[in-house]
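> Following this line is protein-v2.cif, made up of mmCIF, C-alpha atoms:
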```cif
data_final
#
loop_
_atom_site.label_atom_id
_atom_site.label_comp_id
_atom_site.auth_asym_id
_atom_site.auth_seq_id
_atom_site.Cartn_x
_atom_site.Cartn_y
_atom_site.Cartn_z
CA MET A 1 -8.18 1.44 -15.79
CA GLY A 2 -10.64 1.93 -18.63
CA SER A 3 -14.17 3.03 -17.85
CA SER A 4 -15.67 -0.21 -19.16
CA ARG A 5 -13.51 -2.51 -17.07
CA ARG A 6 -15.14 -4.64 -14.36
CA ILE A 7 -12.53 -6.14 -12.09
CA LEU A 8 -14.77 -8.84 -10.71
CA GLY A 9 -16.78 -9.74 -13.83
CA THR A 10 -17.58 -13.29 -12.73
CA LEU A 11 -15.76 -13.22 -9.41
CA GLY A 12 -13.50 -15.85 -10.96
CA LEU A 13 -10.31 -15.15 -9.09
CA LEU A 14 -7.46 -17.26 -7.89
CA SER A 15 -5.38 -16.29 -4.87
CA CYS A 16 -2.15 -17.59 -3.51
CA LEU A 17 -0.36 -16.90 -0.24
CA ALA A 18 3.32 -17.69 0.10
CA LEU A 19 5.13 -17.80 3.41
CA SER A 20 8.80 -18.42 4.04
CA VAL A 21 8.03 -20.29 7.26
CA HIS A 22 5.87 -23.30 8.06
CA VAL A 23 6.26 -24.60 4.49
CA PRO A 24 6.26 -28.38 4.01
CA ALA A 25 9.68 -29.73 3.02
CA ALA A 26 8.41 -31.17 -0.28
CA VAL A 27 6.99 -27.83 -1.30
CA ALA A 28 10.02 -25.84 -0.16
CA ALA A 29 12.32 -28.09 -2.16
CA ALA A 30 10.46 -27.22 -5.36
CA ALA A 31 10.71 -23.47 -4.84
CA ALA A 32 13.40 -21.35 -6.43
CA PRO A 33 16.24 -20.39 -4.07
CA GLY A 34 15.37 -17.35 -1.97
CA VAL A 35 11.73 -17.22 -3.15
CA PRO A 36 8.92 -18.30 -0.80
CA ALA A 37 6.97 -21.37 -1.87
CA SER A 38 3.22 -20.87 -2.34
CA ARG A 39 -0.11 -22.49 -1.73
CA GLU A 40 -3.50 -21.45 -3.06
CA LEU A 41 -6.22 -19.86 -0.95
CA ALA A 42 -9.65 -18.53 -1.84
CA ARG A 43 -8.70 -15.13 -0.39
CA VAL A 44 -6.07 -13.56 1.83
CA PRO A 45 -7.90 -11.96 4.77
CA PHE A 46 -6.22 -9.31 6.90
CA THR A 47 -4.24 -10.45 9.94
CA GLU A 48 -2.19 -8.49 12.46
CA ARG A 49 1.48 -8.44 11.53
CA TYR A 50 2.87 -6.38 14.44
CA GLN A 51 1.61 -4.54 17.49
CA ALA A 52 3.16 -2.76 20.47
CA VAL A 53 2.34 -0.30 23.23
CA GLN A 54 5.21 2.12 23.61
CA HIS A 55 6.24 5.76 23.73
CA GLY A 56 6.61 6.52 20.03
CA GLY A 57 4.59 5.97 16.88
CA LEU A 58 4.46 5.04 13.21
CA VAL A 59 5.94 6.71 10.14
CA ARG A 60 6.05 5.65 6.52
CA ALA A 61 7.63 6.40 3.15
CA SER A 62 5.84 5.60 -0.12
CA ASN A 63 6.02 6.08 -3.86
CA SER A 64 4.57 4.71 -7.06
CA SER A 65 6.95 3.04 -9.50
CA ILE A 66 5.22 3.64 -12.82
CA GLY A 67 3.51 6.61 -14.46
CA CYS A 68 1.94 7.73 -17.70
CA ARG A 69 4.04 8.29 -20.83
CA ARG A 70 1.45 9.25 -23.43
CA GLU A 71 -2.30 9.36 -23.88
CA GLU A 72 -4.08 6.37 -25.45
CA SER A 73 -7.69 7.45 -24.97
CA PRO A 74 -8.95 10.37 -27.11
CA ASP A 75 -10.65 11.79 -24.02
CA ALA A 76 -7.60 11.57 -21.75
CA GLU A 77 -6.11 14.65 -20.13
CA PRO A 78 -2.50 15.37 -21.17
CA CYS A 79 -0.08 13.10 -19.34
CA ALA A 80 1.96 16.01 -18.00
CA GLU A 81 -1.15 17.53 -16.44
CA VAL A 82 -2.15 14.21 -14.87
CA LYS A 83 1.27 13.93 -13.22
CA ARG A 84 0.60 17.34 -11.69
CA GLY A 85 -2.74 16.13 -10.31
CA ALA A 86 -5.32 16.36 -13.09
CA ALA A 87 -8.01 13.72 -13.31
CA GLY A 88 -7.00 10.58 -15.17
CA VAL A 89 -7.06 6.78 -14.89
CA ASN A 90 -4.26 4.39 -15.78
CA GLY A 91 -6.21 2.59 -18.51
CA ASP A 92 -6.26 5.80 -20.59
CA PHE A 93 -2.46 5.95 -20.93
CA GLU A 94 0.58 4.06 -22.03
CA MET A 95 2.38 3.51 -18.74
CA PHE A 96 6.16 3.46 -18.34
CA TYR A 97 8.59 2.97 -15.44
CA SER A 98 9.86 5.79 -13.25
CA ASP A 99 13.65 5.58 -12.92
CA VAL A 100 15.45 8.19 -10.81
CA ASP A 101 18.75 6.52 -9.94
CA LYS A 102 20.68 6.89 -13.23
CA ASP A 103 21.81 3.27 -12.80
CA PRO A 104 21.78 1.41 -16.17
CA ASP A 105 21.24 -1.89 -14.35
CA THR A 106 17.82 -0.89 -12.98
CA TYR A 107 14.74 -0.31 -15.11
CA ASN A 108 12.61 1.27 -12.37
CA SER A 109 13.54 3.15 -9.22
CA THR A 110 11.84 5.76 -7.04
CA ARG A 111 12.63 7.53 -3.78
CA ALA A 112 10.71 8.80 -0.78
CA GLU A 113 11.58 10.48 2.48
CA LEU A 114 11.30 8.57 5.76
CA LYS A 115 10.85 10.93 8.73
CA VAL A 116 12.07 8.95 11.74
CA PRO A 117 12.29 11.53 14.58
CA GLN A 118 15.73 12.42 15.82
CA GLY A 119 16.61 10.38 18.89
CA ALA A 120 14.10 7.63 18.07
CA LYS A 121 14.86 3.90 18.05
CA VAL A 122 13.34 1.80 15.27
CA SER A 123 11.44 -1.10 16.83
CA TYR A 124 10.04 -2.63 13.63
CA ALA A 125 10.10 -1.91 9.90
CA ARG A 126 8.35 -3.64 7.02
CA LEU A 127 8.58 -2.94 3.30
CA TYR A 128 5.56 -3.64 1.07
CA TRP A 129 5.58 -3.62 -2.71
CA GLY A 130 3.26 -4.78 -5.46
CA GLY A 131 1.59 -4.16 -8.78
CA ASN A 132 0.03 -5.57 -11.93
CA LEU A 133 1.95 -8.16 -13.96
CA ARG A 134 -0.38 -8.15 -16.98
CA VAL A 135 -0.70 -5.01 -19.11
CA GLY A 136 0.81 -4.57 -22.58
CA GLU A 137 3.08 -7.43 -21.54
CA GLN A 138 2.84 -10.35 -19.12
CA LYS A 139 5.59 -10.30 -16.52
CA PRO A 140 6.57 -13.65 -14.98
CA PRO A 141 5.84 -13.93 -11.24
CA GLN A 142 9.22 -15.40 -10.30
CA ASP A 143 10.60 -11.94 -9.44
CA ASN A 144 7.65 -10.81 -7.31
CA GLY A 145 9.57 -11.51 -4.11
CA ARG A 146 12.71 -9.51 -4.85
CA VAL A 147 13.55 -5.79 -4.89
CA LEU A 148 16.61 -3.61 -4.46
CA VAL A 149 16.68 -1.12 -1.59
CA ALA A 150 19.15 1.70 -0.90
CA GLU A 151 19.27 3.50 2.43
CA PRO A 152 19.95 7.26 2.47
CA GLY A 153 23.34 7.78 0.85
CA GLY A 154 23.91 4.03 0.52
CA ALA A 155 24.19 1.39 -2.19
CA TYR A 156 21.54 -1.09 -3.23
CA LYS A 157 20.96 -4.22 -1.19
CA GLU A 158 18.83 -7.13 -2.33
CA VAL A 159 15.69 -7.64 -0.24
CA LEU A 160 13.79 -10.93 -0.49
CA ALA A 161 10.16 -11.16 0.57
CA ASP A 162 9.10 -13.40 3.43
CA THR A 163 5.48 -13.07 2.30
CA VAL A 164 4.07 -12.93 -1.24
CA THR A 165 0.35 -12.73 -1.97
CA GLY A 166 -1.25 -12.71 -5.39
CA HIS A 167 -4.57 -12.57 -7.18
CA ARG A 168 -5.17 -13.53 -10.79
CA VAL A 169 -8.35 -11.83 -12.03
CA ASP A 170 -10.29 -12.94 -15.12
CA ALA A 171 -10.97 -9.38 -16.22
CA GLY A 172 -7.37 -8.81 -17.26
CA SER A 173 -5.08 -8.04 -14.32
CA ASP A 174 -2.54 -10.19 -12.51
CA ALA A 175 -1.93 -8.43 -9.21
CA TYR A 176 0.33 -9.22 -6.26
CA GLN A 177 1.74 -7.78 -3.06
CA ALA A 178 4.98 -8.82 -1.38
CA SER A 179 6.61 -7.74 1.88
CA ALA A 180 9.72 -8.20 3.97
CA ASP A 181 10.89 -7.46 7.50
CA VAL A 182 13.61 -4.83 7.01
CA THR A 183 14.07 -3.79 10.65
CA PRO A 184 17.89 -4.15 10.76
CA LEU A 185 18.25 -2.27 7.47
CA VAL A 186 16.14 0.68 8.63
CA ARG A 187 17.82 0.79 12.05
CA GLY A 188 21.11 1.27 10.24
CA GLY A 189 19.87 3.62 7.54
CA GLY A 190 17.62 5.89 9.59
CA ALA A 191 15.82 8.97 8.35
CA GLY A 192 16.21 10.36 4.86
CA MET A 193 15.58 9.43 1.24
CA TRP A 194 15.08 5.69 0.66
CA THR A 195 15.23 4.22 -2.85
CA VAL A 196 13.40 1.08 -3.99
CA ALA A 197 14.14 -0.41 -7.41
CA GLN A 198 13.30 -3.36 -9.65
CA LEU A 199 9.65 -3.83 -8.70
CA ASN A 200 8.20 -6.57 -10.87
CA ILE A 201 5.41 -4.71 -12.66
CA ALA A 202 4.28 -4.64 -16.28
CA ARG A 203 4.40 -1.57 -18.50
CA GLY A 204 2.41 -0.62 -21.57
CA HIS A 205 -1.29 -0.05 -22.19
CA SER A 206 -4.42 -2.10 -21.59
CA GLU A 207 -7.99 -1.40 -20.61
CA VAL A 208 -7.19 -2.47 -17.05
CA GLY A 209 -4.00 -0.39 -16.91
CA ALA A 210 -0.64 -0.64 -15.17
CA TRP A 211 0.03 0.18 -11.54
CA GLY A 212 2.60 -0.50 -8.85
CA GLY A 213 4.47 1.00 -5.92
CA TRP A 214 5.99 0.51 -2.48
CA THR A 215 5.48 1.58 1.13
CA LEU A 216 7.91 1.34 4.03
CA VAL A 217 6.11 1.27 7.41
CA VAL A 218 8.24 1.93 10.50
CA ALA A 219 7.40 1.72 14.20
CA TYR A 220 9.70 3.64 16.53
CA GLU A 221 10.23 4.35 20.21
CA HIS A 222 10.94 7.81 21.60
CA PRO A 223 10.87 8.61 25.33
CA ARG A 224 9.53 12.13 24.81
CA GLU A 225 6.47 11.08 22.81
CA PRO A 226 3.09 9.95 24.24
CA LEU A 227 2.34 6.35 25.10
CA ARG A 228 0.64 4.86 22.04
CA ARG A 229 -0.67 1.56 20.77
CA ILE A 230 0.52 0.81 17.26
CA SER A 231 -0.70 -1.99 15.03
CA LEU A 232 0.17 -3.18 11.52
CA TRP A 233 -2.19 -5.39 9.51
CA ASP A 234 -1.86 -6.84 6.02
CA GLY A 235 -3.51 -9.20 3.56
CA PHE A 236 -4.75 -8.95 -0.01
CA GLU A 237 -8.44 -8.32 -0.62
CA VAL A 238 -10.42 -7.49 -3.75
CA LEU A 239 -12.97 -4.76 -3.16
CA ALA A 240 -15.79 -3.93 -5.56
CA ALA A 241 -19.31 -2.59 -5.24
CA ARG A 242 -20.89 -5.99 -5.92
CA ALA A 243 -18.37 -8.07 -3.97
CA GLY A 244 -19.34 -6.94 -0.47
CA ASP A 245 -17.49 -4.92 2.12
CA ARG A 246 -14.38 -5.89 4.08
CA THR A 247 -13.96 -5.24 7.80
CA VAL A 248 -10.81 -5.20 9.93
CA GLU A 249 -11.30 -5.25 13.72
CA VAL A 250 -8.52 -3.69 15.80
CA ARG A 251 -9.01 -4.73 19.43
CA GLY A 252 -7.12 -4.31 22.67
CA LEU A 253 -7.04 -0.52 22.55
CA ASP A 254 -7.15 1.62 25.67
CA ALA A 255 -7.64 5.04 24.11
CA PRO A 256 -9.04 7.59 26.57
CA PRO A 257 -11.64 10.17 25.50
CA GLY A 258 -10.16 12.91 23.36
CA SER A 259 -7.31 10.75 22.08
CA ALA A 260 -5.39 11.43 18.91
CA GLY A 261 -4.79 8.77 16.29
CA ARG A 262 -4.03 7.99 12.69
CA ALA A 263 -4.76 5.19 10.22
CA GLY A 264 -2.77 4.43 7.08
CA VAL A 265 -4.00 2.44 4.09
CA VAL A 266 -2.19 1.00 1.06
CA GLY A 267 -4.35 0.13 -1.95
CA TYR A 268 -3.85 -0.80 -5.59
CA ASP A 269 -5.73 0.19 -8.74
CA GLY A 270 -7.99 2.79 -7.18
CA ASP A 271 -9.16 5.31 -9.80
CA ARG A 272 -9.55 9.04 -9.37
CA GLY A 273 -13.12 10.03 -10.12
CA VAL A 274 -14.57 6.49 -10.05
CA LEU A 275 -16.86 6.82 -7.05
CA GLY A 276 -18.23 4.42 -4.47
CA ASP A 277 -15.18 3.42 -2.45
CA SER A 278 -15.15 4.54 1.17
CA LEU A 279 -13.55 3.92 4.54
CA THR A 280 -15.49 4.20 7.78
CA VAL A 281 -14.43 3.43 11.33
CA THR A 282 -16.67 2.57 14.27
CA ALA A 283 -15.51 2.76 17.87
CA ASP A 284 -16.91 0.43 20.52
CA SER A 285 -19.16 3.28 21.61
CA GLY A 286 -21.05 2.78 18.34
CA ARG A 287 -20.10 6.07 16.75
CA ARG A 288 -19.37 5.64 13.04
CA VAL A 289 -17.05 8.11 11.32
CA LYS A 290 -16.21 8.47 7.64
CA LEU A 291 -12.50 8.86 6.96
CA GLY A 292 -11.40 11.26 4.25
CA ASP A 293 -9.85 14.67 3.73
CA SER A 294 -9.26 17.38 1.16
CA GLU A 295 -7.28 15.05 -1.11
CA ASN A 296 -9.35 11.92 -0.49
CA PRO A 297 -13.13 12.51 -0.74
CA PHE A 298 -15.35 10.33 1.43
CA ASN A 299 -16.79 8.57 -1.63
CA ASP A 300 -13.47 8.30 -3.53
CA VAL A 301 -10.90 7.47 -0.88
CA MET A 302 -8.75 5.22 -3.08
CA ASN A 303 -8.09 7.86 -5.73
CA SER A 304 -4.40 7.46 -6.61
CA THR A 305 -2.85 9.68 -3.94
CA ILE A 306 0.06 9.50 -1.50
CA THR A 307 -0.87 11.88 1.31
CA GLU A 308 -0.93 12.40 5.07
CA PHE A 309 -3.94 14.21 6.59
CA GLY A 310 -4.67 15.56 3.10
CA ARG A 311 -1.17 16.97 2.62
CA HIS A 312 1.86 15.96 0.60
CA SER A 313 4.04 16.02 3.68
CA PHE A 314 7.26 14.33 2.60
CA VAL A 315 9.57 14.49 -0.40
CA ARG A 316 9.22 11.96 -3.22
CA GLN A 317 11.18 11.49 -6.45
CA PRO A 318 9.30 11.62 -8.76
CA GLU A 319 6.42 13.34 -7.01
CA HIS A 320 3.41 12.60 -9.21
CA MET A 321 0.28 14.02 -7.62
CA ASN A 322 -1.91 11.50 -9.45
CA SER A 323 -0.16 8.16 -8.97
CA LEU A 324 -2.46 6.38 -11.46
CA GLY A 325 -3.40 3.32 -9.46
CA TYR A 326 -1.34 3.44 -6.26
CA ASP A 327 -2.65 4.74 -2.92
CA ALA A 328 -0.77 5.16 0.35
CA ASP A 329 -2.70 7.58 2.54
CA VAL A 330 -2.75 8.42 6.25
CA PHE A 331 -6.01 9.67 7.79
CA ASP A 332 -6.86 11.47 11.03
CA LEU A 333 -8.51 9.04 13.48
CA SER A 334 -9.12 11.60 16.22
CA PRO A 335 -12.85 12.16 15.43
CA ALA A 336 -13.50 8.45 15.99
CA LEU A 337 -11.68 8.56 19.34
CA SER A 338 -13.49 11.51 20.89
CA GLY A 339 -15.30 9.20 23.31
CA GLY A 340 -12.36 6.84 23.77
CA ALA A 341 -12.16 3.33 22.37
CA ARG A 342 -11.22 -0.21 23.29
CA SER A 343 -11.75 -1.40 19.73
CA LEU A 344 -12.09 0.04 16.24
CA SER A 345 -13.86 -1.53 13.28
CA PHE A 346 -12.58 -0.39 9.88
CA ARG A 347 -15.04 -0.99 7.04
CA PHE A 348 -13.87 -0.76 3.43
CA THR A 349 -16.20 -0.58 0.43
CA GLY A 350 -15.12 -0.87 -3.20
CA GLU A 351 -15.62 1.44 -6.14
CA SER A 352 -17.76 0.27 -9.05
CA GLN A 353 -14.75 -0.99 -11.00
CA GLY A 354 -12.90 -2.50 -8.05
CA HIS A 355 -9.50 -2.20 -6.41
CA PHE A 356 -7.18 -4.14 -4.11
CA LEU A 357 -6.51 -3.53 -0.41
CA GLY A 358 -3.09 -4.49 0.97
CA VAL A 359 -2.09 -2.76 4.23
CA LEU A 360 -3.66 -1.06 7.25
CA PHE A 361 -1.62 0.53 10.05
CA VAL A 362 -3.14 2.19 13.12
CA GLN A 363 -1.77 4.43 15.87
CA THR A 364 -3.82 5.56 18.90
CA ASP A 365 -3.05 7.17 22.25
CA ALA A 366 -3.01 4.79 25.21
CA ARG A 367 -3.63 5.39 28.91
CA ARG A 368 -0.57 5.99 31.02
#
```
Please re-express this file's structure in structure tokens.

Amino acid sequence: MGSSRRILGTLGLLSCLALSVHVPAAVAAAAAPGVPASRELARVPFTERYQAVQHGGLVRASNSSIGCRREESPDAEPCAEVKRGAAGVNGDFEMFYSDVDKDPDTYNSTRAELKVPQGAKVSYARLYWGGNLRVGEQKPPQDNGRVLVAEPGGAYKEVLADTVTGHRVDAGSDAYQASADVTPLVRGGGAGMWTVAQLNIARGHSEVGAWGGWTLVVAYEHPREPLRRISLWDGFEVLAARAGDRTVEVRGLDAPPGSAGRAGVVGYDGDRGVLGDSLTVTADSGRRVKLGDSENPFNDVMNSTITEFGRHSFVRQPEHMNSLGYDADVFDLSPALSGGARSLSFRFTGESQGHFLGVLFVQTDARR
């Protein structure tokens, strides 16, 4: 996004949450076939989507779906260098779709590796996708709840969202996140390169900038792995320096002292080099720990990266090091668990120009 943009200018935002269940019949009848009906809410706070205590853990695959094509700002780094990791923000570039599948019927497609351990059983899988509908063009929202997904070596299958959340922001963006339970699909497809195509995101150039991407979160069971508590949370929150912090409380843990753990976060429109955003976690013992690593500084956590413990640990196509507005990072929780924990409080603060928070997933050791 451009340096002068203020995502929350007047805090005049409109949110809508759409669910495929518990929808009144009159509302459902007015919805397009296969697309969840919607109702408006002031905000979409985080709620727990899935949790389990089992021998196993969590893995994920992620990629952004749009990247820079050419520089629009006279001060912008060359686009090719930004793709390799140079500093740059999406509002400084004309943005264009990534398309790796050579299929003329898709206008965007990207792949990422899902590392389900051999011998594991998938217990739950959820696909999240989202982006900005208003850039050089305004994309209609009717297609927010539909993507195409191909398992490793397989053909595309249509996936329809069971949940669609959206924010319309006065300052120039029209952002949404959608998700679907894809457990049967991932059980059949297993580990390997997954492809997601046809995300409804706008291309072009604006001061706010284009962004969009997807993340597949998978819980699995494996008898040879430690007993762990796993938890998946989602919502859609606007974070900015003047809008206040957001806190997600994960309770019901039974992590003994010295436990290992990890926390994953999906965010939208975070800018590399725009400081002020942070993620801290406090255990019930009162110890507060800043989460970050070599690729995600403590004061610039949402900085357009897709990493795990500060490493690029799985294959992506394309593999842009600066994803220009899409974050899907996994952090080491072990320092916060050194004294054990029955609860963890995750506190998110926004950068000066704001970003969106969509997903949090947590894995901690549990007592046997």
> Could you pull the residues within 7 Å of stretch 100-114 of chain A, counting only C-alpha atoms, minus those fewer than 2 positions along the same chain, as a list in words?
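Neighbouring residues, sequence-local ones excluded: Arg60, Ala61, Ser62, Asn63, Ser65, Tyr97, Ser98, Val116, Ala191, Gly192, Met193, Trp194, Thr195, Val196, Ala197, Gln198, Leu199, Phe314, Val315, Arg316, Gln317 and Pro318 of chain A.
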> Would you mind reading off the distance between atom CA of A:Asp327 and atom CA of A:Thr215, one decimal, in Å?
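Answer for the atom CA of A:Asp327 to atom CA of A:Thr215 separation: 9.6 Å.
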> Evaluated on this file, the PyMOL selection byres ((chain A and resi 278) around 12) picks out some residues - which ones are they, written as number ranges by chain?
A: 239-241, 245-247, 265, 270, 274-277, 279-281, 289-293, 296-303, 346-352, 354-355, 357
> Please measure the separation of atom CA of A:Arg224 and atom CA of A:Tyr128, giving the value in Å to one decimal.
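Taking atom CA of A:Arg224 as the start and atom CA of A:Tyr128 as the end point, the length is 28.8 Å.
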> Rounded to one decimal in Å, what is the spacing between atom CA of A:Leu133 and atom CA of A:Val147?
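Spanning atom CA of A:Leu133 to atom CA of A:Val147 is a straight-line distance of 14.9 Å.
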> Between A:Phe96, A:Phe309, A:Phe46, A:Phe236, single out the one closest to A:Arg69, counting all atoms listed in the file.
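Of A:Phe96, A:Phe309, A:Phe46, A:Phe236, the one nearest A:Arg69 is A:Phe96, counting all atoms listed in the file.
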> Taking the file as shown, what set of residues would the PyMOL selection byres ((chain A and resi 83) around 8) give back, as an MDAnalysis selection string?
chainID A and resid 67:68 79:82 84:86 320:323
> Given the file above and the PyMOL selection byres ((chain A and resi 119) around 10), which residues are selected, and can you give them as a JSON list (two decimals) with C-alpha atoms, in the frame of the given file?

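Full text of result39.json as output:
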```
[["chain", "number", "residue", "atom", "x", "y", "z"],
["A", 116, "VAL", "CA", 12.07, 8.95, 11.74],
["A", 117, "PRO", "CA", 12.29, 11.53, 14.58],
["A", 118, "GLN", "CA", 15.73, 12.42, 15.82],
["A", 120, "ALA", "CA", 14.10, 7.63, 18.07],
["A", 121, "LYS", "CA", 14.86, 3.90, 18.05],
["A", 122, "VAL", "CA", 13.34, 1.80, 15.27],
["A", 220, "TYR", "CA", 9.70, 3.64, 16.53],
["A", 221, "GLU", "CA", 10.23, 4.35, 20.21],
["A", 222, "HIS", "CA", 10.94, 7.81, 21.60],
["A", 223, "PRO", "CA", 10.87, 8.61, 25.33],
["A", 224, "ARG", "CA", 9.53, 12.13, 24.81]]
```
> Closest to A:Leu216 among A:Ala76, A:Ala366, A:Ala255, A:Val266, using all atoms listed in the file?
A:Val266
> Which residue is closest to A:Gly235? Choose from A:Ala87, A:Met95, A:Ala263, A:Ala178 and count only C-alpha atoms.
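Of A:Ala87, A:Met95, A:Ala263, A:Ala178, the one nearest A:Gly235 is A:Ala178, counting only C-alpha atoms.
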> As JSON, please report the centre and edge lengths, rounded to one decimal in Å, of the axis-aligned box that holds all listed atoms of stretch 140-149 of chain A with 3 Å of padding on each of the six sides.

```
{"center_x": 11.3, "center_y": -8.3, "center_z": -8.3, "size_x": 16.8, "size_y": 20.3, "size_z": 19.4}
```
> Hey, what's within 7 Å of A:Val53 if we count all atoms listed in the file and toss same-chain stuff fewer than 6 positions away? As an MDAnalysis selection string, please?
chainID A and resid 227:230
